[in-house]
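**Student:** As input, take upload-v6.pdb (PDB, C-alpha atoms):
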```
ATOM      1  CA  MET A   1      69.200 166.225  91.915  1.00  0.00           C
ATOM      2  CA  THR A   2      69.477 167.810  88.497  1.00  0.00           C
ATOM      3  CA  GLU A   3      72.541 169.595  87.198  1.00  0.00           C
ATOM      4  CA  LEU A   4      70.556 172.839  87.084  1.00  0.00           C
ATOM      5  CA  ARG A   5      69.750 172.591  90.793  1.00  0.00           C
ATOM      6  CA  LYS A   6      73.404 171.890  91.601  1.00  0.00           C
ATOM      7  CA  ILE A   7      74.547 174.933  89.626  1.00  0.00           C
ATOM      8  CA  LEU A   8      71.954 177.197  91.230  1.00  0.00           C
ATOM      9  CA  GLY A   9      72.741 175.981  94.753  1.00  0.00           C
ATOM     10  CA  SER A  10      76.480 176.288  94.307  1.00  0.00           C
ATOM     11  CA  ASN A  11      76.217 179.788  92.883  1.00  0.00           C
ATOM     12  CA  MET A  12      73.768 180.986  95.518  1.00  0.00           C
ATOM     13  CA  LYS A  13      76.072 179.808  98.271  1.00  0.00           C
ATOM     14  CA  ALA A  14      79.136 181.386  96.640  1.00  0.00           C
ATOM     15  CA  TYR A  15      77.459 184.745  95.953  1.00  0.00           C
ATOM     16  CA  ARG A  16      75.937 184.761  99.436  1.00  0.00           C
ATOM     17  CA  SER A  17      79.342 184.074 100.997  1.00  0.00           C
ATOM     18  CA  GLU A  18      80.987 186.809  98.903  1.00  0.00           C
ATOM     19  CA  LEU A  19      78.531 189.284 100.413  1.00  0.00           C
ATOM     20  CA  GLY A  20      79.064 187.895 103.921  1.00  0.00           C
ATOM     21  CA  TYR A  21      75.439 186.806 104.184  1.00  0.00           C
ATOM     22  CA  SER A  22      74.323 183.827 106.212  1.00  0.00           C
ATOM     23  CA  GLN A  23      71.394 181.766 104.972  1.00  0.00           C
ATOM     24  CA  ALA A  24      69.312 183.505 107.636  1.00  0.00           C
ATOM     25  CA  LYS A  25      70.314 186.958 106.363  1.00  0.00           C
ATOM     26  CA  LEU A  26      69.439 186.047 102.764  1.00  0.00           C
ATOM     27  CA  ALA A  27      66.128 184.576 103.907  1.00  0.00           C
ATOM     28  CA  GLU A  28      65.375 187.766 105.827  1.00  0.00           C
ATOM     29  CA  LEU A  29      66.159 189.933 102.792  1.00  0.00           C
ATOM     30  CA  ILE A  30      63.726 188.028 100.577  1.00  0.00           C
ATOM     31  CA  ASP A  31      61.136 187.343 103.266  1.00  0.00           C
ATOM     32  CA  THR A  32      61.332 183.561 103.319  1.00  0.00           C
ATOM     33  CA  ALA A  33      62.435 180.799 105.676  1.00  0.00           C
ATOM     34  CA  THR A  34      66.095 179.976 106.279  1.00  0.00           C
ATOM     35  CA  ASN A  35      65.257 176.324 105.708  1.00  0.00           C
ATOM     36  CA  TYR A  36      63.984 177.188 102.213  1.00  0.00           C
ATOM     37  CA  ILE A  37      67.338 178.808 101.325  1.00  0.00           C
ATOM     38  CA  ALA A  38      69.163 175.728 102.630  1.00  0.00           C
ATOM     39  CA  GLN A  39      66.945 173.449 100.562  1.00  0.00           C
ATOM     40  CA  ILE A  40      67.631 175.433  97.390  1.00  0.00           C
ATOM     41  CA  GLU A  41      71.382 175.453  98.061  1.00  0.00           C
ATOM     42  CA  ASN A  42      71.298 171.691  98.666  1.00  0.00           C
ATOM     43  CA  GLY A  43      69.318 171.064  95.473  1.00  0.00           C
ATOM     44  CA  LYS A  44      66.237 169.747  97.259  1.00  0.00           C
ATOM     45  CA  ARG A  45      63.968 172.590  96.123  1.00  0.00           C
ATOM     46  CA  PHE A  46      63.812 174.803  93.069  1.00  0.00           C
ATOM     47  CA  PRO A  47      62.463 178.347  93.400  1.00  0.00           C
ATOM     48  CA  THR A  48      59.752 179.930  91.302  1.00  0.00           C
ATOM     49  CA  ASP A  49      60.688 182.604  88.787  1.00  0.00           C
ATOM     50  CA  THR A  50      59.490 185.277  91.215  1.00  0.00           C
ATOM     51  CA  MET A  51      61.651 183.864  94.005  1.00  0.00           C
ATOM     52  CA  LEU A  52      64.638 183.597  91.632  1.00  0.00           C
ATOM     53  CA  GLU A  53      64.315 187.318  90.935  1.00  0.00           C
ATOM     54  CA  LYS A  54      64.154 188.093  94.663  1.00  0.00           C
ATOM     55  CA  ILE A  55      67.203 185.928  95.351  1.00  0.00           C
ATOM     56  CA  ALA A  56      69.153 187.504  92.491  1.00  0.00           C
ATOM     57  CA  ASN A  57      68.300 191.034  93.644  1.00  0.00           C
ATOM     58  CA  ALA A  58      69.314 190.254  97.229  1.00  0.00           C
ATOM     59  CA  LEU A  59      72.608 188.807  95.974  1.00  0.00           C
ATOM     60  CA  GLN A  60      73.153 191.851  93.749  1.00  0.00           C
ATOM     61  CA  LYS A  61      73.084 189.715  90.606  1.00  0.00           C
ATOM     62  CA  ARG A  62      70.833 189.292  87.616  1.00  0.00           C
ATOM     63  CA  ALA A  63      68.766 186.121  87.623  1.00  0.00           C
ATOM     64  CA  PHE A  64      70.664 184.460  84.779  1.00  0.00           C
ATOM     65  CA  GLU A  65      73.923 184.875  86.715  1.00  0.00           C
ATOM     66  CA  LEU A  66      72.610 182.400  89.279  1.00  0.00           C
ATOM     67  CA  PHE A  67      73.126 179.747  86.578  1.00  0.00           C
ATOM     68  CA  SER A  68      76.719 180.628  85.685  1.00  0.00           C
ATOM     69  CA  PHE A  69      79.199 177.742  85.545  1.00  0.00           C
ATOM     70  CA  GLU A  70      81.987 179.731  87.220  1.00  0.00           C
ATOM     71  CA  HIS A  71      81.362 178.779  90.857  1.00  0.00           C
ATOM     72  CA  TYR A  72      79.906 175.406  90.002  1.00  0.00           C
ATOM     73  CA  GLU A  73      82.990 174.316  88.067  1.00  0.00           C
ATOM     74  CA  ASN A  74      85.253 175.515  90.888  1.00  0.00           C
ATOM     75  CA  LYS A  75      83.191 173.507  93.381  1.00  0.00           C
ATOM     76  CA  MET A  76      83.306 170.440  91.132  1.00  0.00           C
ATOM     77  CA  GLU A  77      87.090 170.719  90.936  1.00  0.00           C
ATOM     78  CA  GLU A  78      87.358 171.062  94.731  1.00  0.00           C
ATOM     79  CA  ASP A  79      85.068 168.055  95.199  1.00  0.00           C
ATOM     80  CA  TRP A  80      87.137 166.062  92.706  1.00  0.00           C
ATOM     81  CA  GLN A  81      90.381 166.923  94.504  1.00  0.00           C
ATOM     82  CA  THR A  82      88.850 166.043  97.865  1.00  0.00           C
ATOM     83  CA  GLN A  83      87.635 162.694  96.533  1.00  0.00           C
ATOM     84  CA  ILE A  84      91.087 161.881  95.141  1.00  0.00           C
ATOM     85  CA  LEU A  85      92.639 162.571  98.546  1.00  0.00           C
ATOM     86  CA  ILE A  86      90.028 160.411 100.285  1.00  0.00           C
ATOM     87  CA  ASP A  87      90.592 157.574  97.802  1.00  0.00           C
ATOM     88  CA  LEU A  88      94.354 157.853  98.203  1.00  0.00           C
ATOM     89  CA  LYS A  89      94.082 157.824 101.988  1.00  0.00           C
ATOM     90  CA  ASN A  90      91.852 154.734 101.891  1.00  0.00           C
ATOM     91  CA  PHE A  91      94.237 152.980  99.501  1.00  0.00           C
ATOM     92  CA  ILE A  92      97.220 153.717 101.758  1.00  0.00           C
ATOM     93  CA  HIS A  93      95.384 152.491 104.878  1.00  0.00           C
ATOM     94  CA  LYS A  94      94.358 149.270 103.134  1.00  0.00           C
ATOM     95  CA  ARG A  95      97.882 148.735 101.815  1.00  0.00           C
ATOM     96  CA  ILE A  96      99.402 149.285 105.275  1.00  0.00           C
ATOM     97  CA  ALA A  97      96.898 146.874 106.827  1.00  0.00           C
ATOM     98  CA  LYS A  98      97.762 144.259 104.193  1.00  0.00           C
ATOM     99  CA  LEU A  99     101.495 144.689 104.801  1.00  0.00           C
ATOM    100  CA  LYS A 100     100.981 144.328 108.557  1.00  0.00           C
ATOM    101  CA  LYS A 101      99.063 141.096 107.993  1.00  0.00           C
ATOM    102  CA  GLU A 102     101.810 139.745 105.759  1.00  0.00           C
ATOM    103  CA  LYS A 103     104.461 140.500 108.422  1.00  0.00           C
ATOM    104  CA  ALA A 104     102.439 138.826 111.187  1.00  0.00           C
TER     105      ALA A 104
END
```
Would you mind writing the structure in this file as structure tokens?
**Tutor:**
Amino acid sequence: MTELRKILGSNMKAYRSELGYSQAKLAELIDTATNYIAQIENGKRFPTDTMLEKIANALQKRAFELFSFEHYENKMEEDWQTQILIDLKNFIHKRIAKLKKEKA
């Protein structure tokens, strides 16, 4: 998945959520399948320029705003924080298991 697809997907999801739209609602507004919206948000598909315009209009944005770094950077930071917590949890579990083995 390219960086451009990640940015687009992250922004679409954030703008959609801000408006209280489900993927189904957005799909309905632009006359497409819910699965297609999910695929764009997950970076598996990239829309045509015509579809980008439809998506932007439905999200009350201009097309170029779908490629803003604002939401993408926030998501990256959240993902980074989540990964640190997961790594820390795994480290602690491994360390506890090692200490238990040493005591046995």
**Student:** Evaluate the PyMOL selection byres ((chain A and resi 24) around 10) against this structure - the residues, as a list in words, please.
**Tutor:**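 Selected by the PyMOL selection byres ((chain A and resi 24) around 10) in this file: Tyr21, Ser22, Gln23, Lys25, Leu26, Ala27, Glu28, Leu29, Thr32, Ala33, Thr34, Asn35, Tyr36, Ile37 and Ala38 of chain A.
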**Student:** Give the answer as one residue: which of A:Lys94, A:Pro47, A:Asn57, A:Ser17 has the shortest atom-to-atom distance to Arg5 (chain A), using only C-alpha atoms?
**Tutor:** A:Pro47
**Student:** With all atoms listed in the file as the basis for distance, which of A:Ile92, A:Ser68, A:Glu41, A:Ile30 is at the shortest distance from Glu53 (chain A)?
**Tutor:**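 Counting all atoms listed in the file, the residue closest to Glu53 (chain A) is A:Ile30.
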**Student:** May I have the residues within 9 Å of Tyr15 (chain A) as a ChimeraX atom specification, using all atoms listed in the file and disregarding those fewer than 3 positions away in the same chain?
**Tutor:** /A:10-12,18-21,59-61,66,71
**Student:** When you draw a straight line from CA of Asn42 (chain A) to CA of Ile7 (chain A), how long is it in Å?
**Tutor:**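 Computed distance, CA of Asn42 (chain A) to CA of Ile7 (chain A), equals 10.1 Å.
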**Student:** Find the residue from A:Ile40, A:Ala97, A:Ile84, A:Ala104 that sits nearest to Leu52 (chain A); use all atoms listed in the file when measuring.
**Tutor:** A:Ile40
**Student:** What is the CA of Lys44 (chain A) to CA of Met1 (chain A) distance in Å?
**Tutor:**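 Distance between the two atoms: 7.1 Å.
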**Student:** What does the distance from CA of Phe46 (chain A) to CA of Leu4 (chain A) come to in Å, to one decimal?
**Tutor:** 9.2 Å
**Student:** Which residue is closest to Lys54 (chain A)? Choose from A:Asp31, A:Asp87, A:Glu77, A:Glu70 and count only C-alpha atoms.
**Tutor:**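 Closest to Lys54 (chain A), using only C-alpha atoms: A:Asp31.
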**Student:** Of the candidates A:Thr2, A:Lys103, A:Phe91, A:Trp80, which shows the shortest atom-to-atom distance to Gly43 (chain A), using all atoms listed in the file?
**Tutor:**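 Closest to Gly43 (chain A) of all the choices is A:Thr2.
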